[in-house]
>>> print(open('upload-v6.cif').read())   # mmCIF, C-alpha atoms
data_target
loop_
_atom_site.group_PDB
_atom_site.id
_atom_site.type_symbol
_atom_site.label_atom_id
_atom_site.label_comp_id
_atom_site.auth_asym_id
_atom_site.auth_seq_id
_atom_site.Cartn_x
_atom_site.Cartn_y
_atom_site.Cartn_z
ATOM 1 C CA MET A 578 -24.358 -3.417 -8.717
ATOM 2 C CA LEU A 579 -23.741 -0.569 -6.297
ATOM 3 C CA LYS A 580 -23.004 -1.166 -2.618
ATOM 4 C CA ILE A 581 -22.417 1.422 0.080
ATOM 5 C CA ASP A 582 -20.757 0.163 3.256
ATOM 6 C CA GLY A 583 -21.618 -3.404 2.216
ATOM 7 C CA VAL A 584 -25.339 -2.730 1.637
ATOM 8 C CA THR A 585 -26.751 -3.176 -1.879
ATOM 9 C CA MET A 586 -28.394 0.049 -3.047
ATOM 10 C CA PRO A 587 -31.310 0.362 -5.496
ATOM 11 C CA GLU A 588 -30.214 -0.176 -9.102
ATOM 12 C CA PRO A 589 -29.077 3.165 -10.563
ATOM 13 C CA LYS A 590 -30.719 4.439 -13.728
ATOM 14 C CA GLY A 591 -27.383 5.872 -14.821
ATOM 15 C CA ILE A 592 -23.840 6.532 -13.647
ATOM 16 C CA THR A 593 -21.492 9.035 -15.256
ATOM 17 C CA PHE A 594 -17.839 8.614 -14.316
ATOM 18 C CA THR A 595 -15.366 11.496 -14.321
ATOM 19 C CA LYS A 596 -11.667 10.896 -13.702
ATOM 20 C CA GLU A 597 -10.231 14.015 -12.058
ATOM 21 C CA LYS A 598 -6.482 14.584 -12.366
ATOM 22 C CA ILE A 599 -4.859 16.020 -9.239
ATOM 23 C CA TRP A 600 -1.771 18.040 -10.187
ATOM 24 C CA SER A 601 1.351 18.856 -8.125
ATOM 25 C CA LYS A 602 1.933 22.281 -6.563
ATOM 26 C CA ASN A 603 4.486 23.208 -9.233
ATOM 27 C CA THR A 604 1.934 22.895 -12.035
ATOM 28 C CA GLY A 605 1.422 25.821 -14.379
ATOM 29 C CA ARG A 606 2.508 27.416 -17.617
ATOM 30 C CA THR A 607 6.006 28.617 -18.407
ATOM 31 C CA THR A 608 6.737 31.928 -20.124
ATOM 32 C CA ASP A 609 6.361 30.236 -23.523
ATOM 33 C CA ALA A 610 2.959 28.809 -22.437
ATOM 34 C CA THR A 611 4.197 25.219 -22.125
ATOM 35 C CA MET A 612 2.316 23.269 -19.465
ATOM 36 C CA VAL A 613 4.525 21.778 -16.726
ATOM 37 C CA GLY A 614 3.719 19.733 -13.645
ATOM 38 C CA ASP A 615 3.088 16.231 -12.430
ATOM 39 C CA ILE A 616 -0.103 14.276 -11.926
ATOM 40 C CA ILE A 617 -0.003 13.014 -8.357
ATOM 41 C CA ALA A 618 -3.353 11.174 -8.361
ATOM 42 C CA ILE A 619 -6.449 10.479 -10.425
ATOM 43 C CA LYS A 620 -9.690 10.486 -8.432
ATOM 44 C CA THR A 621 -13.069 9.144 -9.486
ATOM 45 C CA LYS A 622 -16.296 11.149 -9.400
ATOM 46 C CA MET A 623 -19.574 9.305 -9.896
ATOM 47 C CA GLN A 624 -22.756 11.176 -10.861
ATOM 48 C CA ILE A 625 -25.490 8.691 -9.973
ATOM 49 C CA SER A 626 -29.154 8.981 -10.926
ATOM 50 C CA PHE A 627 -32.018 6.709 -9.986
ATOM 51 C CA GLY A 628 -35.373 6.046 -11.649
ATOM 52 C CA CYS A 629 -38.476 5.319 -9.581
ATOM 53 C CA LEU A 630 -37.808 4.745 -5.883
ATOM 54 C CA SER A 631 -40.067 3.928 -2.970
ATOM 55 C CA GLY A 632 -39.903 5.779 0.316
ATOM 56 C CA THR A 633 -38.122 2.781 1.846
ATOM 57 C CA GLN A 634 -35.444 2.833 -0.869
ATOM 58 C CA VAL A 635 -34.883 6.583 -0.488
ATOM 59 C CA SER A 636 -34.618 6.177 3.277
ATOM 60 C CA GLN A 637 -31.997 3.431 2.805
ATOM 61 C CA LEU A 638 -30.009 5.599 0.383
ATOM 62 C CA ASP A 639 -30.241 8.703 2.586
ATOM 63 C CA GLU A 640 -29.037 6.753 5.619
ATOM 64 C CA ALA A 641 -26.067 5.378 3.645
ATOM 65 C CA LEU A 642 -25.073 8.873 2.463
ATOM 66 C CA SER A 643 -25.293 10.479 5.914
ATOM 67 C CA LYS A 644 -21.716 9.585 6.947
ATOM 68 C CA SER A 645 -18.653 11.714 6.244
ATOM 69 C CA PHE A 646 -16.936 8.957 4.246
ATOM 70 C CA ILE A 647 -18.407 5.794 2.776
ATOM 71 C CA SER A 648 -17.048 2.618 1.236
ATOM 72 C CA VAL A 649 -18.463 2.190 -2.292
ATOM 73 C CA TYR A 650 -18.374 -1.042 -4.304
ATOM 74 C CA PHE A 651 -18.839 -0.436 -8.039
ATOM 75 C CA LYS A 652 -17.596 -1.453 -11.478
ATOM 76 C CA ASP A 653 -14.645 0.780 -12.335
ATOM 77 C CA PRO A 654 -14.517 1.599 -16.072
ATOM 78 C CA ARG A 655 -10.715 1.806 -16.109
ATOM 79 C CA GLN A 656 -10.150 -1.606 -14.530
ATOM 80 C CA ASN A 657 -13.316 -3.155 -15.993
ATOM 81 C CA THR A 658 -13.871 -4.955 -12.721
ATOM 82 C CA TYR A 659 -15.613 -4.351 -9.411
ATOM 83 C CA VAL A 660 -13.606 -2.365 -6.865
ATOM 84 C CA GLU A 661 -14.177 -0.847 -3.449
ATOM 85 C CA LYS A 662 -13.020 2.716 -2.734
ATOM 86 C CA THR A 663 -13.698 5.410 -0.144
ATOM 87 C CA PHE A 664 -15.884 8.338 -1.229
ATOM 88 C CA TYR A 665 -17.740 11.300 0.211
ATOM 89 C CA SER A 666 -21.089 12.429 -1.136
ATOM 90 C CA GLY A 667 -22.356 15.712 -2.456
ATOM 91 C CA THR A 668 -25.844 16.910 -1.585
ATOM 92 C CA PRO A 669 -28.410 14.333 -2.725
ATOM 93 C CA SER A 670 -31.691 15.442 -4.308
ATOM 94 C CA TYR A 671 -34.976 13.592 -3.790
ATOM 95 C CA PRO A 672 -37.665 14.857 -6.205
ATOM 96 C CA VAL A 673 -41.111 13.779 -4.998
ATOM 97 C CA TYR A 674 -43.315 12.231 -7.673
ATOM 98 C CA SER A 675 -46.358 11.221 -5.657
ATOM 99 C CA TYR A 676 -47.534 10.057 -2.253
ATOM 100 C CA VAL A 677 -50.588 8.283 -3.733
ATOM 101 C CA ASP A 678 -50.665 4.569 -2.849
ATOM 102 C CA GLY A 679 -49.354 2.355 -5.628
ATOM 103 C CA LEU A 680 -47.322 5.060 -7.380
ATOM 104 C CA PRO A 681 -43.576 5.586 -7.004
ATOM 105 C CA GLU A 682 -42.845 8.206 -4.373
ATOM 106 C CA TYR A 683 -39.595 9.567 -5.820
ATOM 107 C CA VAL A 684 -38.381 9.877 -9.417
ATOM 108 C CA GLY A 685 -35.035 11.326 -10.420
ATOM 109 C CA THR A 686 -33.121 10.961 -7.164
ATOM 110 C CA ALA A 687 -29.481 11.886 -7.771
ATOM 111 C CA VAL A 688 -26.175 12.264 -5.940
ATOM 112 C CA ASP A 689 -22.512 12.834 -6.723
ATOM 113 C CA LEU A 690 -19.869 10.689 -5.039
ATOM 114 C CA VAL A 691 -16.255 11.903 -5.003
ATOM 115 C CA GLU A 692 -13.303 9.666 -4.199
ATOM 116 C CA GLN A 693 -11.470 10.635 -1.015
#
>>> encode(input="upload-v6.cif", output="structure tokens")
Amino acid sequence: MLKIDGVTMPEPKGITFTKEKIWSKNTGRTTDATMVGDIIAIKTKMQISFGCLSGTQVSQLDEALSKSFISVYFKDPRQNTYVEKTFYSGTPSYPVYSYVDGLPEYVGTAVDLVEQ
């Protein structure tokens, strides 16, 4: 289940999670090439793809992604439970499949969400 600002979104076809380590300013390599530094945070990136979506579903998703920051409710793989965190979105893509009645309008919609 994926919710954005409390609204249930269409079921994703797939989600790929990336955990990005944010390093301190003093991070780098010493003269003997030893890595030094401190991890100050680990942020989640979600690459979300959708299967077949109707125009109504795409409109709902596009509206939810139009804000600067959004509250996202999802199952976190590290905690193995549902959590709510603040994200911003990359540029969503909406590939058109067909506008013929009875066929899905969009297939392969995708967006990246990055934790604030």
>>> closest_atom_pairs(input="upload-v6.cif", of="segment 641-681 of chain A", to="segment 592-603 of chain A", cutoff="12 Å", atoms="all atoms listed in the file", output="Markdown table")
| residue | atom | partner | partner_atom | distance |
| --- | --- | --- | --- | --- |
| A:Phe651 | CA | A:Ile592 | CA | 10.2 |
| A:Lys652 | CA | A:Ile592 | CA | 10.4 |
| A:Asp653 | CA | A:Phe594 | CA | 8.7 |
| A:Pro654 | CA | A:Phe594 | CA | 8.0 |
| A:Arg655 | CA | A:Lys596 | CA | 9.5 |
>>> resolve_selection(input="upload-v6.cif", expression="the PyMOL selection byres ((chain A and resi 588) around 9)", output="VMD selection string")
chain A and resid 578 to 579 585 to 587 589 to 591 627 to 628
>>> closest_residue(input="upload-v6.cif", among="A:Ser626, A:Gln693, A:Gln634, A:Thr686", to="Thr663 of chain A", atoms="all atoms listed in the file")
A:Gln693
>>> residues_near_point(input="upload-v6.cif", point="(-30.3, 4.8, 4.7)", cutoff="12 Å", atoms="all atoms listed in the file", output="PyMOL selection string")
chain A and resi 580-582+584-587+632-644
>>> resolve_selection(input="upload-v6.cif", expression="the PyMOL selection byres ((chain A and resi 662) around 9)", output="count of residues only")
11
>>> axis_aligned_box(input="upload-v6.cif", around="segment 593-604 of chain A", padding_each_side="8 Å", output="lines of an AutoDock Vina configuration file")
center_x = -8.5
center_y = 15.9
center_z = -10.9
size_x = 42.0
size_y = 30.6
size_z = 24.7
>>> atom_distance(input="upload-v6.cif", atom1="atom CA of Asn657 of chain A", atom2="atom CA of Thr621 of chain A")
13.9 Å
>>> resolve_selection(input="upload-v6.cif", expression="the PyMOL selection byres ((chain A and resi 629) around 6)", output="compact mmCIF listing (two decimals) with C-alpha atoms, in the coordinates of the input")
# COMPACT_ATOMS: atom_id res chain seq x y z
CA GLY A 628 -35.37 6.05 -11.65
CA LEU A 630 -37.81 4.74 -5.88
CA PRO A 681 -43.58 5.59 -7.00
CA TYR A 683 -39.60 9.57 -5.82
CA VAL A 684 -38.38 9.88 -9.42
>>> closest_residue(input="upload-v6.cif", among="A:Pro672, A:Gly685, A:Tyr659, A:Val691", to="Ile619 of chain A", atoms="all atoms listed in the file")
A:Val691
>>> atom_distance(input="upload-v6.cif", atom1="atom CA of Gly667 of chain A", atom2="atom CA of Glu682 of chain A")
21.9 Å
